[in-house]
$ cat protein.cif   # mmCIF, N, CA and C atoms
data_final
#
loop_
_atom_site.label_atom_id
_atom_site.label_comp_id
_atom_site.auth_asym_id
_atom_site.auth_seq_id
_atom_site.Cartn_x
_atom_site.Cartn_y
_atom_site.Cartn_z
N MET A 15 29.97 -24.33 -25.37
CA MET A 15 30.86 -25.46 -25.20
C MET A 15 31.09 -25.68 -23.70
N GLU A 16 31.12 -26.92 -23.29
CA GLU A 16 31.40 -27.23 -21.88
C GLU A 16 32.84 -26.89 -21.55
N LEU A 17 33.07 -26.53 -20.30
CA LEU A 17 34.41 -26.14 -19.86
C LEU A 17 35.39 -27.29 -20.01
N LYS A 18 35.00 -28.51 -19.63
CA LYS A 18 35.96 -29.61 -19.73
C LYS A 18 36.32 -29.93 -21.18
N THR A 19 35.40 -29.71 -22.10
CA THR A 19 35.70 -29.88 -23.53
C THR A 19 36.66 -28.79 -23.98
N ALA A 20 36.40 -27.56 -23.56
CA ALA A 20 37.27 -26.43 -23.91
C ALA A 20 38.67 -26.62 -23.34
N PHE A 21 38.74 -27.11 -22.09
CA PHE A 21 40.04 -27.36 -21.48
C PHE A 21 40.80 -28.41 -22.28
N GLY A 22 40.11 -29.46 -22.67
CA GLY A 22 40.74 -30.53 -23.45
C GLY A 22 41.30 -30.02 -24.77
N LEU A 23 40.55 -29.16 -25.45
CA LEU A 23 41.03 -28.58 -26.70
C LEU A 23 42.27 -27.72 -26.47
N ALA A 24 42.23 -26.92 -25.42
CA ALA A 24 43.38 -26.05 -25.10
C ALA A 24 44.60 -26.89 -24.75
N LEU A 25 44.40 -27.92 -23.94
CA LEU A 25 45.50 -28.79 -23.53
C LEU A 25 46.14 -29.45 -24.76
N LYS A 26 45.32 -29.97 -25.63
CA LYS A 26 45.84 -30.63 -26.83
C LYS A 26 46.57 -29.65 -27.74
N GLN A 27 46.02 -28.44 -27.89
CA GLN A 27 46.66 -27.44 -28.74
C GLN A 27 48.05 -27.07 -28.19
N VAL A 28 48.13 -26.84 -26.89
CA VAL A 28 49.42 -26.47 -26.30
C VAL A 28 50.39 -27.64 -26.41
N ARG A 29 49.92 -28.84 -26.14
CA ARG A 29 50.79 -30.03 -26.24
C ARG A 29 51.34 -30.15 -27.67
N ASN A 30 50.48 -29.99 -28.65
CA ASN A 30 50.93 -30.09 -30.04
C ASN A 30 51.90 -28.96 -30.41
N ARG A 31 51.63 -27.74 -29.92
CA ARG A 31 52.51 -26.60 -30.19
C ARG A 31 53.90 -26.85 -29.60
N GLN A 32 53.92 -27.50 -28.45
CA GLN A 32 55.19 -27.77 -27.78
C GLN A 32 55.84 -29.04 -28.33
N GLN A 33 55.19 -29.63 -29.31
CA GLN A 33 55.68 -30.85 -29.97
C GLN A 33 55.92 -31.97 -28.96
N LEU A 34 54.95 -32.14 -28.08
CA LEU A 34 55.00 -33.20 -27.08
C LEU A 34 53.99 -34.28 -27.43
N THR A 35 54.32 -35.50 -27.07
CA THR A 35 53.38 -36.60 -27.23
C THR A 35 52.70 -36.86 -25.89
N GLN A 36 51.64 -37.62 -25.90
CA GLN A 36 51.00 -37.98 -24.64
C GLN A 36 51.95 -38.78 -23.76
N GLU A 37 52.83 -39.53 -24.37
CA GLU A 37 53.81 -40.31 -23.61
C GLU A 37 54.80 -39.43 -22.86
N ASP A 38 55.00 -38.20 -23.32
CA ASP A 38 55.92 -37.28 -22.65
C ASP A 38 55.42 -36.87 -21.26
N PHE A 39 54.18 -37.20 -20.96
CA PHE A 39 53.58 -36.85 -19.67
C PHE A 39 53.60 -38.03 -18.70
N SER A 40 54.34 -39.07 -19.03
CA SER A 40 54.28 -40.33 -18.27
C SER A 40 54.64 -40.18 -16.79
N GLU A 41 55.47 -39.22 -16.44
CA GLU A 41 55.81 -39.01 -15.03
C GLU A 41 54.69 -38.28 -14.29
N THR A 42 53.80 -37.64 -15.01
CA THR A 42 52.72 -36.86 -14.43
C THR A 42 51.37 -37.56 -14.55
N SER A 43 51.12 -38.17 -15.70
CA SER A 43 49.82 -38.77 -15.99
C SER A 43 49.99 -39.93 -16.96
N SER A 44 49.05 -40.85 -16.89
CA SER A 44 49.06 -41.92 -17.88
C SER A 44 48.56 -41.36 -19.21
N ARG A 45 48.93 -42.02 -20.28
CA ARG A 45 48.46 -41.61 -21.60
C ARG A 45 46.94 -41.69 -21.67
N THR A 46 46.38 -42.71 -21.02
CA THR A 46 44.92 -42.87 -21.01
C THR A 46 44.24 -41.69 -20.32
N TYR A 47 44.77 -41.27 -19.17
CA TYR A 47 44.19 -40.14 -18.44
C TYR A 47 44.31 -38.86 -19.27
N LEU A 48 45.48 -38.64 -19.85
CA LEU A 48 45.67 -37.44 -20.66
C LEU A 48 44.68 -37.43 -21.83
N SER A 49 44.48 -38.58 -22.42
CA SER A 49 43.52 -38.70 -23.52
C SER A 49 42.10 -38.35 -23.07
N THR A 50 41.72 -38.80 -21.87
CA THR A 50 40.37 -38.47 -21.38
C THR A 50 40.23 -36.98 -21.11
N LEU A 51 41.32 -36.33 -20.69
CA LEU A 51 41.28 -34.87 -20.51
C LEU A 51 41.13 -34.17 -21.86
N GLU A 52 41.93 -34.58 -22.82
CA GLU A 52 41.91 -33.94 -24.13
C GLU A 52 40.58 -34.14 -24.85
N ARG A 53 39.90 -35.22 -24.57
CA ARG A 53 38.60 -35.47 -25.20
C ARG A 53 37.45 -34.88 -24.40
N GLY A 54 37.75 -34.21 -23.28
CA GLY A 54 36.72 -33.56 -22.49
C GLY A 54 35.86 -34.52 -21.69
N ILE A 55 36.38 -35.71 -21.43
CA ILE A 55 35.63 -36.70 -20.65
C ILE A 55 35.79 -36.44 -19.16
N LYS A 56 36.98 -36.03 -18.75
CA LYS A 56 37.26 -35.74 -17.35
C LYS A 56 37.77 -34.32 -17.19
N SER A 57 37.68 -33.83 -15.96
CA SER A 57 38.23 -32.52 -15.61
C SER A 57 39.38 -32.71 -14.63
N PRO A 58 40.46 -31.97 -14.80
CA PRO A 58 41.60 -32.12 -13.90
C PRO A 58 41.42 -31.32 -12.61
N THR A 59 42.16 -31.72 -11.59
CA THR A 59 42.24 -30.92 -10.37
C THR A 59 43.18 -29.75 -10.63
N LEU A 60 43.18 -28.80 -9.73
CA LEU A 60 44.11 -27.67 -9.85
C LEU A 60 45.56 -28.16 -9.81
N GLU A 61 45.82 -29.13 -8.94
CA GLU A 61 47.17 -29.68 -8.84
C GLU A 61 47.59 -30.33 -10.16
N LYS A 62 46.66 -31.03 -10.80
CA LYS A 62 46.97 -31.69 -12.08
C LYS A 62 47.22 -30.66 -13.17
N VAL A 63 46.45 -29.57 -13.18
CA VAL A 63 46.69 -28.50 -14.17
C VAL A 63 48.10 -27.96 -13.99
N GLU A 64 48.52 -27.78 -12.76
CA GLU A 64 49.86 -27.27 -12.51
C GLU A 64 50.92 -28.28 -12.97
N GLN A 65 50.72 -29.55 -12.70
CA GLN A 65 51.67 -30.58 -13.12
C GLN A 65 51.77 -30.66 -14.65
N LEU A 66 50.62 -30.64 -15.31
CA LEU A 66 50.61 -30.68 -16.77
C LEU A 66 51.31 -29.46 -17.35
N SER A 67 51.08 -28.30 -16.75
CA SER A 67 51.68 -27.06 -17.24
C SER A 67 53.19 -27.08 -17.12
N LYS A 68 53.70 -27.73 -16.08
CA LYS A 68 55.16 -27.85 -15.94
C LYS A 68 55.74 -28.65 -17.09
N VAL A 69 55.08 -29.73 -17.46
CA VAL A 69 55.54 -30.53 -18.60
C VAL A 69 55.44 -29.71 -19.88
N LEU A 70 54.36 -28.94 -20.01
CA LEU A 70 54.16 -28.10 -21.19
C LEU A 70 55.08 -26.88 -21.24
N GLU A 71 55.67 -26.56 -20.08
CA GLU A 71 56.53 -25.38 -19.92
C GLU A 71 55.77 -24.08 -20.21
N VAL A 72 54.55 -24.01 -19.66
CA VAL A 72 53.74 -22.79 -19.72
C VAL A 72 53.12 -22.57 -18.34
N HIS A 73 52.70 -21.36 -18.09
CA HIS A 73 52.02 -21.05 -16.84
C HIS A 73 50.64 -21.72 -16.87
N PRO A 74 50.18 -22.26 -15.74
CA PRO A 74 48.85 -22.89 -15.72
C PRO A 74 47.73 -21.97 -16.21
N LEU A 75 47.85 -20.69 -15.92
CA LEU A 75 46.81 -19.77 -16.37
C LEU A 75 46.77 -19.64 -17.89
N SER A 76 47.88 -19.88 -18.56
CA SER A 76 47.88 -19.83 -20.03
C SER A 76 46.94 -20.88 -20.60
N VAL A 77 46.99 -22.08 -20.04
CA VAL A 77 46.11 -23.15 -20.50
C VAL A 77 44.66 -22.83 -20.16
N MET A 78 44.44 -22.29 -18.96
CA MET A 78 43.09 -21.94 -18.54
C MET A 78 42.51 -20.81 -19.39
N VAL A 79 43.32 -19.81 -19.68
CA VAL A 79 42.85 -18.70 -20.52
C VAL A 79 42.47 -19.23 -21.91
N MET A 80 43.30 -20.10 -22.46
CA MET A 80 42.96 -20.68 -23.76
C MET A 80 41.66 -21.47 -23.69
N ALA A 81 41.47 -22.18 -22.58
CA ALA A 81 40.23 -22.95 -22.41
C ALA A 81 39.02 -22.02 -22.41
N TYR A 82 39.12 -20.91 -21.71
CA TYR A 82 37.99 -19.97 -21.67
C TYR A 82 37.79 -19.25 -23.00
N LEU A 83 38.83 -19.09 -23.77
CA LEU A 83 38.66 -18.52 -25.10
C LEU A 83 37.89 -19.48 -26.00
N TYR A 84 38.13 -20.78 -25.84
CA TYR A 84 37.34 -21.77 -26.57
C TYR A 84 35.90 -21.78 -26.07
N LYS A 85 35.74 -21.75 -24.74
CA LYS A 85 34.41 -21.84 -24.13
C LYS A 85 33.55 -20.64 -24.51
N GLU A 86 34.13 -19.46 -24.46
CA GLU A 86 33.41 -18.22 -24.74
C GLU A 86 33.96 -17.65 -26.04
N ASP A 87 33.61 -18.28 -27.14
CA ASP A 87 34.22 -17.94 -28.43
C ASP A 87 33.90 -16.55 -28.94
N ASP A 88 33.05 -15.83 -28.24
CA ASP A 88 32.74 -14.46 -28.65
C ASP A 88 33.67 -13.44 -27.99
N GLN A 89 34.63 -13.91 -27.18
CA GLN A 89 35.54 -13.01 -26.48
C GLN A 89 36.96 -13.18 -27.02
N ASP A 90 37.66 -12.07 -27.17
CA ASP A 90 39.05 -12.14 -27.63
C ASP A 90 40.00 -12.07 -26.44
N LEU A 91 41.24 -12.44 -26.67
CA LEU A 91 42.24 -12.51 -25.61
C LEU A 91 42.40 -11.18 -24.88
N SER A 92 42.49 -10.11 -25.61
CA SER A 92 42.71 -8.79 -25.00
C SER A 92 41.60 -8.42 -24.03
N SER A 93 40.35 -8.59 -24.44
CA SER A 93 39.24 -8.22 -23.56
C SER A 93 39.13 -9.17 -22.37
N LEU A 94 39.43 -10.45 -22.57
CA LEU A 94 39.40 -11.40 -21.45
C LEU A 94 40.46 -11.04 -20.42
N LEU A 95 41.68 -10.76 -20.87
CA LEU A 95 42.75 -10.41 -19.93
C LEU A 95 42.46 -9.09 -19.22
N LYS A 96 41.88 -8.14 -19.91
CA LYS A 96 41.53 -6.86 -19.29
C LYS A 96 40.47 -7.06 -18.22
N SER A 97 39.49 -7.89 -18.50
CA SER A 97 38.44 -8.20 -17.54
C SER A 97 39.03 -8.87 -16.30
N ILE A 98 39.93 -9.82 -16.50
CA ILE A 98 40.59 -10.51 -15.38
C ILE A 98 41.41 -9.52 -14.57
N GLU A 99 42.16 -8.68 -15.25
CA GLU A 99 42.98 -7.68 -14.55
C GLU A 99 42.11 -6.77 -13.69
N ASN A 100 41.00 -6.29 -14.23
CA ASN A 100 40.10 -5.42 -13.48
C ASN A 100 39.52 -6.14 -12.26
N GLU A 101 39.11 -7.40 -12.43
CA GLU A 101 38.53 -8.15 -11.32
C GLU A 101 39.55 -8.40 -10.22
N VAL A 102 40.77 -8.81 -10.60
CA VAL A 102 41.81 -9.09 -9.61
C VAL A 102 42.17 -7.82 -8.86
N ASN A 103 42.31 -6.72 -9.58
CA ASN A 103 42.62 -5.45 -8.91
C ASN A 103 41.53 -5.06 -7.93
N ALA A 104 40.28 -5.28 -8.29
CA ALA A 104 39.17 -4.92 -7.40
C ALA A 104 39.09 -5.84 -6.19
N LEU A 105 39.55 -7.07 -6.32
CA LEU A 105 39.44 -8.05 -5.24
C LEU A 105 40.63 -8.07 -4.29
N GLN A 106 41.74 -7.48 -4.70
CA GLN A 106 42.93 -7.49 -3.86
C GLN A 106 42.77 -6.54 -2.68
N ASP A 107 43.41 -6.92 -1.58
CA ASP A 107 43.47 -6.02 -0.43
C ASP A 107 44.42 -4.89 -0.76
N ARG A 108 44.01 -3.71 -0.46
CA ARG A 108 44.86 -2.56 -0.75
C ARG A 108 45.20 -1.82 0.49
#

$ encode --input "protein.cif" --output "structure tokens"
Amino acid sequence: MELKTAFGLALKQVRNRQQLTQEDFSETSSRTYLSTLERGIKSPTLEKVEQLSKVLEVHPLSVMVMAYLYKEDDQDLSSLLKSIENEVNALQDR
């Protein structure tokens, strides 16, 4: 699955879980733009992911992790988070 398609699925799932409509994002994005994101037609900038996450009341990484779980459907949450933790620890200055 393409990343922008996976991101769109994750965005829509979180929006629905939070019981938000596309119109609830009107201060951040137009309904048309949000729809193009959810359908995987466009990809958001990092700044837009952060703005959308504020409306969703979740951390931006939560949406991104969900997107990668859709994209890489053979990986579970626990192993993905462990892999990320190991990589970040290895990359940090100590």

$ resolve_selection --input "protein.cif" --expression "the PyMOL selection byres (((chain A and resi 54 and name CA) around 6) and name CA)" --output "list in words"
Lys18, Thr19, Gly22, Leu51, Glu52, Arg53, Ile55 and Lys56 of chain A

$ resolve_selection --input "protein.cif" --expression "the PyMOL selection byres ((chain A and resi 15) around 8)" --output "list in words"
Glu16, Leu17, Lys18, Thr19, Ala20, Phe21, Tyr84, Lys85, Glu86 and Asp87 of chain A

$ resolve_selection --input "protein.cif" --expression "the PyMOL selection byres ((chain A and resi 30-46) around 8)" --output "list in words"
Ala24, Leu25, Lys26, Gln27, Val28, Arg29, Tyr47, Leu48, Ser49, Thr50, Leu51, Glu52, Lys62, Gln65, Leu66, Val69, Leu70 and Glu71 of chain A

$ write_last_selection --input "protein.cif" --atoms "N, CA and C atoms" --output "compact mmCIF listing (two decimals), keeping the file's coordinate frame"
# COMPACT_ATOMS: atom_id res chain seq x y z
N ALA A 24 42.23 -26.92 -25.42
CA ALA A 24 43.38 -26.05 -25.10
C ALA A 24 44.60 -26.89 -24.75
N LEU A 25 44.40 -27.92 -23.94
CA LEU A 25 45.50 -28.79 -23.53
C LEU A 25 46.14 -29.45 -24.76
N LYS A 26 45.32 -29.97 -25.63
CA LYS A 26 45.84 -30.63 -26.83
C LYS A 26 46.57 -29.65 -27.74
N GLN A 27 46.02 -28.44 -27.89
CA GLN A 27 46.66 -27.44 -28.74
C GLN A 27 48.05 -27.07 -28.19
N VAL A 28 48.13 -26.84 -26.89
CA VAL A 28 49.42 -26.47 -26.30
C VAL A 28 50.39 -27.64 -26.41
N ARG A 29 49.92 -28.84 -26.14
CA ARG A 29 50.79 -30.03 -26.24
C ARG A 29 51.34 -30.15 -27.67
N TYR A 47 44.77 -41.27 -19.17
CA TYR A 47 44.19 -40.14 -18.44
C TYR A 47 44.31 -38.86 -19.27
N LEU A 48 45.48 -38.64 -19.85
CA LEU A 48 45.67 -37.44 -20.66
C LEU A 48 44.68 -37.43 -21.83
N SER A 49 44.48 -38.58 -22.42
CA SER A 49 43.52 -38.70 -23.52
C SER A 49 42.10 -38.35 -23.07
N THR A 50 41.72 -38.80 -21.87
CA THR A 50 40.37 -38.47 -21.38
C THR A 50 40.23 -36.98 -21.11
N LEU A 51 41.32 -36.33 -20.69
CA LEU A 51 41.28 -34.87 -20.51
C LEU A 51 41.13 -34.17 -21.86
N GLU A 52 41.93 -34.58 -22.82
CA GLU A 52 41.91 -33.94 -24.13
C GLU A 52 40.58 -34.14 -24.85
N LYS A 62 46.66 -31.03 -10.80
CA LYS A 62 46.97 -31.69 -12.08
C LYS A 62 47.22 -30.66 -13.17
N GLN A 65 50.72 -29.55 -12.70
CA GLN A 65 51.67 -30.58 -13.12
C GLN A 65 51.77 -30.66 -14.65
N LEU A 66 50.62 -30.64 -15.31
CA LEU A 66 50.61 -30.68 -16.77
C LEU A 66 51.31 -29.46 -17.35
N VAL A 69 55.08 -29.73 -17.46
CA VAL A 69 55.54 -30.53 -18.60
C VAL A 69 55.44 -29.71 -19.88
N LEU A 70 54.36 -28.94 -20.01
CA LEU A 70 54.16 -28.10 -21.19
C LEU A 70 55.08 -26.88 -21.24
N GLU A 71 55.67 -26.56 -20.08
CA GLU A 71 56.53 -25.38 -19.92
C GLU A 71 55.77 -24.08 -20.21

$ closest_residue --input "protein.cif" --among "A:Ile98, A:Leu105, A:Leu91, A:Val63" --to "A:Met78" --atoms "only C-alpha atoms"
A:Val63

$ select_by_dssp --input "protein.cif" --residues "stretch 58-108 of chain A" --states "helix (DSSP H, G or I)" --output "PyMOL selection string"
chain A and resi 60-70+74-85+91-105

$ atom_distance --input "protein.cif" --atom1 "atom C of A:Ser57" --atom2 "atom C of A:Ser92"
26.1 Å

$ decode --input "protein.cif" --residues "stretch 82-97 of chain A" --atoms "N, CA, C and O atoms" --output "PDB file, in the first residue's frame"
ATOM      1  N   TYR A  82       1.805   3.675   9.183  1.00  0.00           N
ATOM      2  CA  TYR A  82       2.794   2.636   8.868  1.00  0.00           C
ATOM      3  C   TYR A  82       2.290   1.233   9.200  1.00  0.00           C
ATOM      4  O   TYR A  82       2.701   0.268   8.551  1.00  0.00           O
ATOM      5  N   LEU A  83       1.397   1.114  10.149  1.00  0.00           N
ATOM      6  CA  LEU A  83       0.796  -0.191  10.410  1.00  0.00           C
ATOM      7  C   LEU A  83      -0.088  -0.610   9.238  1.00  0.00           C
ATOM      8  O   LEU A  83      -0.134  -1.784   8.883  1.00  0.00           O
ATOM      9  N   TYR A  84      -0.784   0.342   8.630  1.00  0.00           N
ATOM     10  CA  TYR A  84      -1.547   0.042   7.418  1.00  0.00           C
ATOM     11  C   TYR A  84      -0.613  -0.294   6.259  1.00  0.00           C
ATOM     12  O   TYR A  84      -0.840  -1.241   5.516  1.00  0.00           O
ATOM     13  N   LYS A  85       0.439   0.510   6.109  1.00  0.00           N
ATOM     14  CA  LYS A  85       1.372   0.345   4.982  1.00  0.00           C
ATOM     15  C   LYS A  85       2.089  -0.995   5.058  1.00  0.00           C
ATOM     16  O   LYS A  85       2.246  -1.686   4.058  1.00  0.00           O
ATOM     17  N   GLU A  86       2.539  -1.354   6.240  1.00  0.00           N
ATOM     18  CA  GLU A  86       3.297  -2.589   6.446  1.00  0.00           C
ATOM     19  C   GLU A  86       2.433  -3.534   7.268  1.00  0.00           C
ATOM     20  O   GLU A  86       2.691  -3.760   8.447  1.00  0.00           O
ATOM     21  N   ASP A  87       1.421  -4.088   6.649  1.00  0.00           N
ATOM     22  CA  ASP A  87       0.413  -4.854   7.384  1.00  0.00           C
ATOM     23  C   ASP A  87       0.930  -6.149   8.003  1.00  0.00           C
ATOM     24  O   ASP A  87       0.215  -6.813   8.741  1.00  0.00           O
ATOM     25  N   ASP A  88       2.176  -6.484   7.749  1.00  0.00           N
ATOM     26  CA  ASP A  88       2.747  -7.681   8.363  1.00  0.00           C
ATOM     27  C   ASP A  88       3.425  -7.376   9.702  1.00  0.00           C
ATOM     28  O   ASP A  88       3.955  -8.265  10.341  1.00  0.00           O
ATOM     29  N   GLN A  89       3.383  -6.106  10.140  1.00  0.00           N
ATOM     30  CA  GLN A  89       4.034  -5.718  11.385  1.00  0.00           C
ATOM     31  C   GLN A  89       2.984  -5.314  12.415  1.00  0.00           C
ATOM     32  O   GLN A  89       1.999  -4.655  12.091  1.00  0.00           O
ATOM     33  N   ASP A  90       3.203  -5.710  13.660  1.00  0.00           N
ATOM     34  CA  ASP A  90       2.276  -5.330  14.723  1.00  0.00           C
ATOM     35  C   ASP A  90       2.819  -4.115  15.471  1.00  0.00           C
ATOM     36  O   ASP A  90       3.989  -3.760  15.341  1.00  0.00           O
ATOM     37  N   LEU A  91       1.955  -3.478  16.235  1.00  0.00           N
ATOM     38  CA  LEU A  91       2.302  -2.253  16.944  1.00  0.00           C
ATOM     39  C   LEU A  91       3.507  -2.435  17.856  1.00  0.00           C
ATOM     40  O   LEU A  91       4.422  -1.620  17.855  1.00  0.00           O
ATOM     41  N   SER A  92       3.522  -3.491  18.619  1.00  0.00           N
ATOM     42  CA  SER A  92       4.601  -3.720  19.578  1.00  0.00           C
ATOM     43  C   SER A  92       5.964  -3.807  18.894  1.00  0.00           C
ATOM     44  O   SER A  92       6.928  -3.168  19.321  1.00  0.00           O
ATOM     45  N   SER A  93       6.061  -4.572  17.824  1.00  0.00           N
ATOM     46  CA  SER A  93       7.350  -4.713  17.142  1.00  0.00           C
ATOM     47  C   SER A  93       7.754  -3.424  16.427  1.00  0.00           C
ATOM     48  O   SER A  93       8.935  -3.082  16.389  1.00  0.00           O
ATOM     49  N   LEU A  94       6.776  -2.692  15.887  1.00  0.00           N
ATOM     50  CA  LEU A  94       7.095  -1.414  15.243  1.00  0.00           C
ATOM     51  C   LEU A  94       7.634  -0.419  16.260  1.00  0.00           C
ATOM     52  O   LEU A  94       8.663   0.226  16.031  1.00  0.00           O
ATOM     53  N   LEU A  95       6.976  -0.305  17.408  1.00  0.00           N
ATOM     54  CA  LEU A  95       7.437   0.631  18.436  1.00  0.00           C
ATOM     55  C   LEU A  95       8.802   0.233  18.995  1.00  0.00           C
ATOM     56  O   LEU A  95       9.638   1.092  19.280  1.00  0.00           O
ATOM     57  N   LYS A  96       9.044  -1.054  19.146  1.00  0.00           N
ATOM     58  CA  LYS A  96      10.341  -1.518  19.639  1.00  0.00           C
ATOM     59  C   LYS A  96      11.439  -1.184  18.634  1.00  0.00           C
ATOM     60  O   LYS A  96      12.523  -0.727  19.009  1.00  0.00           O
ATOM     61  N   SER A  97      11.160  -1.370  17.367  1.00  0.00           N
ATOM     62  CA  SER A  97      12.117  -1.036  16.320  1.00  0.00           C
ATOM     63  C   SER A  97      12.429   0.461  16.328  1.00  0.00           C
ATOM     64  O   SER A  97      13.593   0.867  16.238  1.00  0.00           O
TER      65      SER A  97
END
